[in-house]
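Here is final_34.csv, consisting of CSV, C-alpha atoms and all ligand atoms:
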```
chain,number,residue,atom,x,y,z
A,94,MET,CA,-23.4,20.6,-52.0
A,95,LYS,CA,-21.4,18.5,-54.5
A,96,LYS,CA,-18.4,18.6,-52.2
A,97,LEU,CA,-20.5,17.4,-49.3
A,98,ARG,CA,-21.9,14.5,-51.2
A,99,ARG,CA,-18.4,13.5,-52.3
A,100,MET,CA,-17.3,13.6,-48.7
A,101,SER,CA,-20.1,11.4,-47.4
A,102,PHE,CA,-19.4,8.9,-50.2
A,103,PHE,CA,-15.8,8.9,-49.0
A,104,SER,CA,-16.8,8.5,-45.4
A,105,LEU,CA,-19.0,5.6,-46.3
A,106,ALA,CA,-16.2,3.9,-48.3
A,107,THR,CA,-13.9,4.4,-45.3
A,108,ILE,CA,-16.5,2.8,-43.0
A,109,VAL,CA,-16.9,-0.2,-45.3
A,110,LEU,CA,-13.1,-0.6,-45.6
A,111,LEU,CA,-12.7,-0.3,-41.8
A,112,GLY,CA,-15.5,-2.8,-41.4
A,113,GLN,CA,-13.6,-5.2,-43.6
A,114,ALA,CA,-10.3,-4.5,-41.7
A,115,ILE,CA,-12.0,-5.3,-38.4
A,116,SER,CA,-13.6,-8.5,-39.7
A,117,PHE,CA,-10.7,-9.9,-41.6
A,118,ALA,CA,-7.3,-8.5,-40.6
A,119,PRO,CA,-5.5,-10.1,-37.6
A,120,LEU,CA,-4.9,-7.8,-34.6
A,121,PRO,CA,-1.6,-6.0,-34.7
A,122,ALA,CA,0.8,-7.2,-32.0
A,123,ALA,CA,0.7,-3.8,-30.2
A,124,ALA,CA,-3.0,-4.1,-29.5
A,125,LYS,CA,-2.6,-7.2,-27.4
A,126,PRO,CA,-2.5,-6.3,-23.7
A,127,LEU,CA,0.9,-6.9,-22.2
A,128,HIS,CA,0.8,-9.0,-19.1
A,129,VAL,CA,3.4,-8.4,-16.3
A,130,ALA,CA,3.5,-9.3,-12.6
A,131,ALA,CA,4.8,-7.7,-9.4
A,132,THR,CA,5.5,-9.4,-6.1
A,133,ILE,CA,4.3,-6.8,-3.6
A,134,PHE,CA,1.8,-3.9,-3.7
A,135,PRO,CA,4.3,-1.0,-3.8
A,136,VAL,CA,6.0,-2.6,-6.8
A,137,ALA,CA,2.7,-3.3,-8.6
A,138,ASP,CA,1.7,0.4,-8.0
A,139,ILE,CA,5.0,1.7,-9.4
A,140,VAL,CA,4.6,-0.6,-12.5
A,141,ARG,CA,1.0,0.7,-13.0
A,142,HIS,CA,2.2,4.3,-13.0
A,143,VAL,CA,4.9,3.6,-15.5
A,144,ALA,CA,2.9,1.3,-17.7
A,145,GLY,CA,-0.3,3.4,-17.7
A,146,GLY,CA,-3.4,1.6,-19.0
A,147,ALA,CA,-1.5,-0.4,-21.6
A,148,VAL,CA,-0.4,-3.2,-19.3
A,149,GLN,CA,-2.2,-5.7,-17.1
A,150,VAL,CA,-0.4,-6.0,-13.8
A,151,GLN,CA,-0.8,-9.0,-11.6
A,152,GLN,CA,0.1,-8.5,-7.9
A,153,VAL,CA,1.3,-11.7,-6.3
A,154,LEU,CA,1.4,-11.1,-2.6
A,155,PRO,CA,-2.2,-10.5,-1.4
A,156,ALA,CA,-2.9,-7.4,0.8
A,157,GLY,CA,-2.5,-8.3,4.5
A,158,ALA,CA,0.1,-11.1,3.9
A,159,SER,CA,3.7,-10.8,4.9
A,160,PRO,CA,6.3,-11.4,2.3
A,161,HIS,CA,8.4,-13.1,5.0
A,162,THR,CA,6.0,-15.9,5.5
A,163,PHE,CA,4.6,-16.3,2.0
A,164,ASP,CA,4.6,-19.2,-0.5
A,165,LEU,CA,3.3,-19.3,-4.0
A,166,ALA,CA,0.0,-21.3,-4.6
A,167,PRO,CA,-0.2,-23.5,-7.7
A,168,GLY,CA,-3.0,-21.3,-9.1
A,169,GLN,CA,-0.7,-18.3,-8.9
A,170,ILE,CA,2.0,-20.1,-10.7
A,171,ARG,CA,-0.4,-20.9,-13.6
A,172,GLU,CA,-1.4,-17.2,-13.7
A,173,LEU,CA,2.2,-16.1,-13.7
A,174,GLN,CA,2.9,-18.1,-16.9
A,175,LYS,CA,1.1,-15.3,-18.8
A,176,ALA,CA,3.5,-12.6,-17.4
A,177,ARG,CA,6.3,-11.5,-19.8
A,178,LEU,CA,8.1,-9.7,-16.9
A,179,ILE,CA,7.9,-10.4,-13.1
A,180,PHE,CA,9.2,-7.5,-11.0
A,181,LYS,CA,10.6,-8.3,-7.6
A,182,ILE,CA,12.4,-6.5,-4.8
A,183,GLY,CA,14.9,-9.2,-4.2
A,184,ILE,CA,15.7,-11.2,-1.0
A,185,VAL,CA,12.4,-10.5,0.8
A,186,ASP,CA,10.4,-11.9,-2.2
A,187,ASP,CA,12.8,-14.5,-3.6
A,188,TRP,CA,9.9,-17.0,-3.3
A,189,ILE,CA,8.9,-15.7,-6.7
A,190,ASP,CA,11.9,-17.6,-8.1
A,191,GLY,CA,9.8,-20.7,-7.4
A,192,VAL,CA,7.9,-20.1,-10.7
A,193,GLY,CA,11.2,-21.2,-12.4
A,194,GLU,CA,10.6,-23.7,-15.2
A,195,SER,CA,6.8,-23.5,-14.8
A,196,ALA,CA,6.9,-20.1,-16.6
A,197,PRO,CA,9.7,-20.3,-19.2
A,198,ALA,CA,8.5,-17.2,-21.1
A,199,SER,CA,8.6,-15.0,-18.0
A,200,GLU,CA,11.7,-13.0,-17.1
A,201,ILE,CA,12.2,-12.2,-13.4
A,202,VAL,CA,13.5,-8.7,-12.9
A,203,SER,CA,15.0,-7.6,-9.6
A,204,LEU,CA,14.6,-3.9,-8.9
A,205,GLN,CA,17.8,-3.7,-6.8
A,206,ASP,CA,19.8,-2.3,-9.7
A,207,HIS,CA,21.2,1.2,-9.1
A,208,VAL,CA,19.8,1.2,-5.6
A,209,ALA,CA,22.4,1.9,-2.9
A,210,LEU,CA,21.7,-1.2,-0.7
A,211,LYS,CA,22.4,-1.0,3.1
A,212,PRO,CA,23.6,-3.7,5.4
A,213,PHE,CA,21.5,-4.5,8.4
A,214,HIS,CA,22.5,-3.0,11.8
A,215,ALA,CA,25.0,-0.6,10.4
A,216,ASP,CA,24.4,1.7,13.4
A,217,GLY,CA,25.0,-1.0,16.1
A,218,ARG,CA,21.7,-0.2,17.9
A,219,HIS,CA,19.7,-2.3,20.4
A,220,GLU,CA,17.9,-5.4,19.4
A,221,GLY,CA,15.1,-7.1,21.4
A,222,GLY,CA,12.2,-9.5,21.2
A,223,ALA,CA,12.0,-13.0,19.8
A,224,GLY,CA,13.3,-14.3,16.5
A,225,THR,CA,14.0,-12.5,13.3
A,226,ALA,CA,12.3,-12.6,9.9
A,227,HIS,CA,15.5,-11.8,8.0
A,228,GLU,CA,18.4,-13.8,6.6
A,229,GLY,CA,21.7,-12.4,5.3
A,230,ASN,CA,23.3,-9.1,5.8
A,231,VAL,CA,21.7,-7.0,3.0
A,232,ASP,CA,18.6,-5.1,4.1
A,233,PRO,CA,16.0,-5.4,1.3
A,234,HIS,CA,13.4,-2.9,2.4
A,235,TYR,CA,14.8,-0.2,0.1
A,236,TRP,CA,11.4,0.7,-1.4
A,237,LEU,CA,10.5,2.6,1.8
A,238,ASP,CA,12.5,5.6,0.5
A,239,ALA,CA,10.7,7.6,-2.2
A,240,ARG,CA,14.0,8.3,-4.0
A,241,ASN,CA,14.5,4.6,-4.4
A,242,GLY,CA,10.9,4.4,-5.8
A,243,ALA,CA,12.0,6.7,-8.5
A,244,ILE,CA,15.0,4.5,-9.3
A,245,MET,CA,12.7,1.4,-9.4
A,246,ALA,CA,10.4,3.3,-11.8
A,247,GLN,CA,13.4,3.8,-14.1
A,248,THR,CA,14.3,0.1,-14.2
A,249,ILE,CA,10.7,-0.8,-14.8
A,250,CYS,CA,10.5,1.7,-17.7
A,251,SER,CA,13.7,0.3,-19.3
A,252,ARG,CA,12.5,-3.3,-19.1
A,253,LEU,CA,9.0,-2.5,-20.4
A,254,SER,CA,10.5,-0.5,-23.3
A,255,ALA,CA,12.8,-3.4,-24.2
A,256,ILE,CA,10.0,-5.9,-24.6
A,257,ASP,CA,7.5,-3.4,-26.0
A,258,PRO,CA,9.5,-0.8,-28.0
A,259,GLU,CA,6.3,0.5,-29.7
A,260,ARG,CA,5.2,2.0,-26.4
A,261,ALA,CA,8.7,3.1,-25.3
A,262,ALA,CA,7.9,6.9,-25.6
A,263,LEU,CA,4.7,6.4,-23.6
A,264,TYR,CA,6.5,4.6,-20.8
A,265,ALA,CA,9.3,7.2,-20.8
A,266,GLU,CA,6.8,10.0,-20.4
A,267,ASN,CA,4.8,8.2,-17.7
A,268,CYS,CA,8.0,7.5,-15.9
A,269,ARG,CA,9.3,11.0,-16.0
A,270,ARG,CA,6.0,12.4,-14.7
A,271,TYR,CA,5.9,9.8,-11.9
A,272,GLN,CA,9.5,10.4,-10.9
A,273,ASP,CA,8.6,14.2,-10.6
A,274,GLU,CA,5.7,13.2,-8.3
A,275,LEU,CA,8.0,11.1,-6.1
A,276,ARG,CA,10.6,13.8,-5.9
A,277,ARG,CA,8.0,16.3,-4.7
A,278,LEU,CA,6.6,13.7,-2.2
A,279,ASP,CA,10.2,13.1,-0.9
A,280,GLU,CA,10.6,16.8,-0.2
A,281,GLU,CA,7.2,17.0,1.4
A,282,LEU,CA,8.0,14.0,3.8
A,283,LYS,CA,11.4,15.4,4.7
A,284,ARG,CA,9.8,18.8,5.6
A,285,ALA,CA,7.2,17.0,7.7
A,286,CYS,CA,9.9,15.1,9.6
A,287,ALA,CA,12.2,18.1,10.0
A,288,GLY,CA,9.8,19.5,12.7
A,289,LEU,CA,9.7,16.5,15.0
A,290,LYS,CA,10.4,17.0,18.7
A,291,ASN,CA,11.8,13.5,19.1
A,292,ASN,CA,13.0,11.7,16.0
A,293,ARG,CA,13.8,8.4,17.8
A,294,ILE,CA,11.5,5.5,17.1
A,295,ILE,CA,10.9,1.9,18.3
A,296,VAL,CA,9.7,-0.5,15.6
A,297,PHE,CA,8.5,-4.1,15.6
A,298,HIS,CA,10.3,-5.4,12.5
A,299,ASP,CA,13.7,-4.5,11.2
A,300,GLY,CA,12.4,-3.1,8.0
A,301,TRP,CA,12.7,0.7,8.5
A,302,ASN,CA,16.4,1.5,8.0
A,303,TYR,CA,15.9,3.1,4.5
A,304,PHE,CA,12.8,5.0,5.7
A,305,ALA,CA,14.6,6.3,8.8
A,306,ALA,CA,17.7,7.4,6.9
A,307,ALA,CA,15.6,9.2,4.3
A,308,TYR,CA,13.4,11.1,6.7
A,309,GLY,CA,15.8,11.9,9.5
A,310,LEU,CA,14.6,9.3,12.0
A,311,LYS,CA,16.6,7.2,14.4
A,312,ILE,CA,15.6,3.6,15.2
A,313,ILE,CA,16.7,3.0,18.7
A,314,ALA,CA,15.2,-0.5,19.1
A,315,VAL,CA,13.7,-3.2,17.0
A,316,PHE,CA,11.3,-5.3,19.0
A,317,GLN,CA,10.7,-8.2,16.6
A,318,THR,CA,7.8,-10.5,17.2
A,319,SER,CA,7.3,-13.7,15.2
A,320,PRO,CA,4.1,-15.8,15.0
A,321,GLY,CA,3.8,-18.2,17.9
A,322,ARG,CA,6.7,-16.7,19.8
A,323,GLU,CA,5.9,-14.4,22.8
A,324,PRO,CA,8.5,-12.0,24.0
A,325,ALA,CA,10.0,-12.9,27.5
A,326,PRO,CA,9.3,-10.5,30.4
A,327,ARG,CA,13.0,-9.6,30.2
A,328,ASP,CA,12.4,-8.3,26.6
A,329,LEU,CA,9.5,-6.2,27.7
A,330,GLN,CA,11.6,-4.8,30.5
A,331,LYS,CA,14.2,-3.9,27.9
A,332,LEU,CA,11.5,-2.2,25.7
A,333,TYR,CA,10.4,-0.2,28.7
A,334,ASP,CA,13.9,0.8,29.7
A,335,VAL,CA,14.8,2.0,26.2
A,336,ALA,CA,11.5,3.9,25.8
A,337,ARG,CA,12.0,5.6,29.2
A,338,SER,CA,15.6,6.5,28.6
A,339,TYR,CA,14.8,8.1,25.2
A,340,LYS,CA,11.5,9.7,26.5
A,341,ILE,CA,9.6,7.7,23.9
A,342,LYS,CA,5.8,7.5,24.2
A,343,ALA,CA,4.9,5.4,21.2
A,344,VAL,CA,6.0,2.2,19.4
A,345,PHE,CA,5.2,1.2,15.9
A,346,SER,CA,3.7,-2.1,14.9
A,347,GLU,CA,2.8,-3.4,11.4
A,348,PRO,CA,-0.5,-4.6,10.0
A,349,GLN,CA,1.0,-7.8,8.7
A,350,LEU,CA,2.7,-8.8,12.0
A,351,PRO,CA,0.9,-10.3,15.0
A,352,THR,CA,1.1,-7.9,18.0
A,353,ALA,CA,-2.4,-8.3,19.5
A,354,SER,CA,-1.0,-10.3,22.4
A,355,LEU,CA,1.5,-7.5,23.1
A,356,GLU,CA,-0.9,-4.6,23.0
A,357,PRO,CA,-2.1,-4.8,26.7
A,358,LEU,CA,1.4,-5.0,27.9
A,359,ILE,CA,2.5,-2.0,25.8
A,360,GLU,CA,-0.4,-0.1,27.3
A,361,ASP,CA,0.6,-1.2,30.8
A,362,LEU,CA,4.1,0.3,30.1
A,363,GLY,CA,2.4,3.6,29.3
A,364,LEU,CA,3.3,3.4,25.6
A,365,ARG,CA,0.9,4.1,22.7
A,366,LEU,CA,0.8,1.8,19.7
A,367,PHE,CA,0.9,3.3,16.2
A,368,ILE,CA,1.1,1.7,12.7
A,369,LEU,CA,3.9,1.7,10.2
A,370,ASP,CA,2.9,-0.2,7.1
A,371,PRO,CA,5.6,-1.4,4.8
A,372,LEU,CA,3.3,-2.9,2.2
A,373,GLY,CA,-0.1,-1.2,1.9
A,374,GLY,CA,-2.7,-2.0,-0.7
A,375,ALA,CA,-5.5,-3.0,1.7
A,376,ASP,CA,-7.8,-0.2,0.4
A,377,PRO,CA,-8.7,0.0,-3.3
A,378,GLY,CA,-7.5,3.7,-3.5
A,379,ASP,CA,-4.2,3.0,-1.9
A,380,SER,CA,-0.9,3.9,-3.7
A,381,TYR,CA,2.8,3.6,-3.0
A,382,ALA,CA,3.0,7.4,-2.5
A,383,GLY,CA,0.0,7.2,-0.2
A,384,LEU,CA,1.6,4.5,1.8
A,385,LEU,CA,4.8,6.5,2.4
A,386,ARG,CA,2.7,9.6,3.3
A,387,ARG,CA,0.6,7.7,5.7
A,388,ASN,CA,3.6,6.3,7.5
A,389,VAL,CA,5.1,9.8,7.9
A,390,LEU,CA,1.8,11.1,9.1
A,391,ASN,CA,1.7,8.4,11.9
A,392,ILE,CA,5.3,9.4,12.9
A,393,VAL,CA,4.1,13.0,13.2
A,394,ARG,CA,1.0,12.0,15.1
A,395,ALA,CA,3.0,9.9,17.6
A,396,ASP,CA,5.4,12.8,18.0
A,397,SER,CA,2.6,15.2,19.0
A,398,LEU,CA,1.6,13.0,22.0
B,401,ZN,ZN,11.4,-7.4,6.6
```

Written as structure tokens, that's how I'd like the structure from this file.
Amino acid sequence: MKKLRRMSFFSLATIVLLGQAISFAPLPAAAKPLHVAATIFPVADIVRHVAGGAVQVQQVLPAGASPHTFDLAPGQIRELQKARLIFKIGIVDDWIDGVGESAPASEIVSLQDHVALKPFHADGRHEGGAGTAHEGNVDPHYWLDARNGAIMAQTICSRLSAIDPERAALYAENCRRYQDELRRLDEELKRACAGLKNNRIIVFHDGWNYFAAAYGLKIIAVFQTSPGREPAPRDLQKLYDVARSYKIKAVFSEPQLPTASLEPLIEDLGLRLFILDPLGGADPGDSYAGLLRRNVLNIVRADSL
């Protein structure tokens, strides 16, 4: 009884002391939420997995927009001033460099480090259609291979730990677990693609070289469309010829690219249109892993036609 009473007095004293601590002591630095930014949805999702709930992640490119035709709005630049780190892919989202002097406390981190980058058109395949969205020889779409996602997670973990060492162990643990998840996903996607009858695909944007190499696909034509430019009848004839000679029944468009005007023509050619999405994030429950899985599922569905 005596012991109990002493304990309750002790608890009361603790509560009073805590109350004082809450009222008067300044918040320790670690309690302040860390603010970071990511250019595109897949990067933002990888950052969230590594950071856990400890970090606020601002995604710059809105869902449905294409990084190839994007520019920063003044409101976004103001918001980016709060970000300690801004993670980018590089090349495809170099518009983020436009924050420049407006955000002197923000460090822009390119996730290309340790990724084996590929040149465009290494395989000398067909090209077709009007215009191209890409400049330079380095293909920046490396995030569409889950193994590269794991490399990106490692870079994100290192940079977060460097500016927030108190949470380094948490970041390391989150990163390790997420990398395991991506490794299992990679094996799952490879298994799914190993059973394809026809591994040759036609895409509408030259952004699938890493994806194809990772999952055993062969891109036989890129039928690039750009806003306001319709493909010539000669280009459509070429699309048809390539599809016929490789016994292809489906072509893959992207949600961020305009293909509505092409769809009737593609149907006339007897081809079905499926989606490959390089960016995702349109649905609240979407994830980087879900995006890769959805793309492979569409490849498998198109193959079963
Ligand atoms: Zn691209």

Taking all atoms listed in the file into account, which residues are within 12 Å of ligand ZN 401 (chain B), as a PDB file with C-alpha atoms, in the coordinates of the input?
```pdb
ATOM      1  CA  SER A 159       3.700 -10.800   4.900  1.00  0.00           C
ATOM      2  CA  PRO A 160       6.300 -11.400   2.300  1.00  0.00           C
ATOM      3  CA  HIS A 161       8.400 -13.100   5.000  1.00  0.00           C
ATOM      4  CA  THR A 162       6.000 -15.900   5.500  1.00  0.00           C
ATOM      5  CA  ILE A 182      12.400  -6.500  -4.800  1.00  0.00           C
ATOM      6  CA  GLY A 183      14.900  -9.200  -4.200  1.00  0.00           C
ATOM      7  CA  ILE A 184      15.700 -11.200  -1.000  1.00  0.00           C
ATOM      8  CA  VAL A 185      12.400 -10.500   0.800  1.00  0.00           C
ATOM      9  CA  ASP A 186      10.400 -11.900  -2.200  1.00  0.00           C
ATOM     10  CA  PHE A 213      21.500  -4.500   8.400  1.00  0.00           C
ATOM     11  CA  THR A 225      14.000 -12.500  13.300  1.00  0.00           C
ATOM     12  CA  ALA A 226      12.300 -12.600   9.900  1.00  0.00           C
ATOM     13  CA  HIS A 227      15.500 -11.800   8.000  1.00  0.00           C
ATOM     14  CA  GLU A 228      18.400 -13.800   6.600  1.00  0.00           C
ATOM     15  CA  GLY A 229      21.700 -12.400   5.300  1.00  0.00           C
ATOM     16  CA  VAL A 231      21.700  -7.000   3.000  1.00  0.00           C
ATOM     17  CA  ASP A 232      18.600  -5.100   4.100  1.00  0.00           C
ATOM     18  CA  PRO A 233      16.000  -5.400   1.300  1.00  0.00           C
ATOM     19  CA  HIS A 234      13.400  -2.900   2.400  1.00  0.00           C
ATOM     20  CA  TYR A 235      14.800  -0.200   0.100  1.00  0.00           C
ATOM     21  CA  TRP A 236      11.400   0.700  -1.400  1.00  0.00           C
ATOM     22  CA  LEU A 237      10.500   2.600   1.800  1.00  0.00           C
ATOM     23  CA  VAL A 296       9.700  -0.500  15.600  1.00  0.00           C
ATOM     24  CA  PHE A 297       8.500  -4.100  15.600  1.00  0.00           C
ATOM     25  CA  HIS A 298      10.300  -5.400  12.500  1.00  0.00           C
ATOM     26  CA  ASP A 299      13.700  -4.500  11.200  1.00  0.00           C
ATOM     27  CA  GLY A 300      12.400  -3.100   8.000  1.00  0.00           C
ATOM     28  CA  TRP A 301      12.700   0.700   8.500  1.00  0.00           C
ATOM     29  CA  ASN A 302      16.400   1.500   8.000  1.00  0.00           C
ATOM     30  CA  TYR A 303      15.900   3.100   4.500  1.00  0.00           C
ATOM     31  CA  VAL A 315      13.700  -3.200  17.000  1.00  0.00           C
ATOM     32  CA  GLN A 317      10.700  -8.200  16.600  1.00  0.00           C
ATOM     33  CA  THR A 318       7.800 -10.500  17.200  1.00  0.00           C
ATOM     34  CA  SER A 319       7.300 -13.700  15.200  1.00  0.00           C
ATOM     35  CA  GLU A 347       2.800  -3.400  11.400  1.00  0.00           C
ATOM     36  CA  GLN A 349       1.000  -7.800   8.700  1.00  0.00           C
ATOM     37  CA  LEU A 350       2.700  -8.800  12.000  1.00  0.00           C
ATOM     38  CA  ASP A 370       2.900  -0.200   7.100  1.00  0.00           C
ATOM     39  CA  PRO A 371       5.600  -1.400   4.800  1.00  0.00           C
ATOM     40  CA  LEU A 372       3.300  -2.900   2.200  1.00  0.00           C
TER      41      LEU A 372
END
```

Kindly indicate which residue among A:Val208, A:Ala343, A:Ala314, A:Leu362 lies nearest to Asn391 of chain A, using all atoms listed in the file for the distances.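 Of all the options, A:Ala343 lies closest to Asn391 of chain A.
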
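Atom to atom, atom CA of Ala158 of chain A and atom CA of Thr132 of chain A stand 11.5 Å apart.
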
Minimum-distance residue to Asp206 of chain A, chosen among A:Ile244, A:Leu278, A:Leu390, A:Asn230 (using only C-alpha atoms):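 Among the listed residues, the smallest separation from Asp206 of chain A belongs to A:Ile244.
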
Calculate how many Å separate atom CA of Val344 of chain A from atom CA of Arg394 of chain A, rounding to one decimal.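 It comes out at 11.8 Å.
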
List the spatial neighbours of Asp164 of chain A as an MDAnalysis selection string - criterion: any atom at most 9 Å away, only C-alpha atoms, same-chain residues fewer than 2 positions off excluded. chainID A and resid 154 160 162 166 188:189 191

How would the residues just chosen look if you wrote them out with C-alpha atoms as a CSV table (one decimal), keeping the file's coordinate frame?
```csv
chain,number,residue,atom,x,y,z
A,154,LEU,CA,1.4,-11.1,-2.6
A,160,PRO,CA,6.3,-11.4,2.3
A,162,THR,CA,6.0,-15.9,5.5
A,166,ALA,CA,0.0,-21.3,-4.6
A,188,TRP,CA,9.9,-17.0,-3.3
A,189,ILE,CA,8.9,-15.7,-6.7
A,191,GLY,CA,9.8,-20.7,-7.4
```

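Nearest to Pro348 of chain A of all the residues A:Arg386, A:Ala156, A:Asn291, A:Leu173 is A:Ala156, counting only C-alpha atoms.
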
For atom CA of Pro351 of chain A and atom CA of Tyr333 of chain A, the interatomic separation in Å (one decimal): 19.5 Å

Expected residue set, 7 Å radius at (5.0, -8.2, -10.4), only C-alpha atoms, as a PyMOL selection string: chain A and resi 129-133+136-137+150-153+179-181

When distances are computed from only C-alpha atoms, which of A:Pro258, A:Gly168, A:Pro126, A:Gly309 shows the smallest separation from Cys286 of chain A?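 With only C-alpha atoms as the atom set, the closest residue is A:Gly309.
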
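You can rank A:Leu366, A:Leu127, A:Leu204, A:Met245 by their closest distance to Lys342 of chain A using all atoms listed in the file, and at the top of that list sits A:Leu366.
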
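The closest residue to Asp279 of chain A, picked from A:Gly157, A:Pro324, A:Pro135, A:Gly242 and counting all atoms listed in the file, is A:Gly242.
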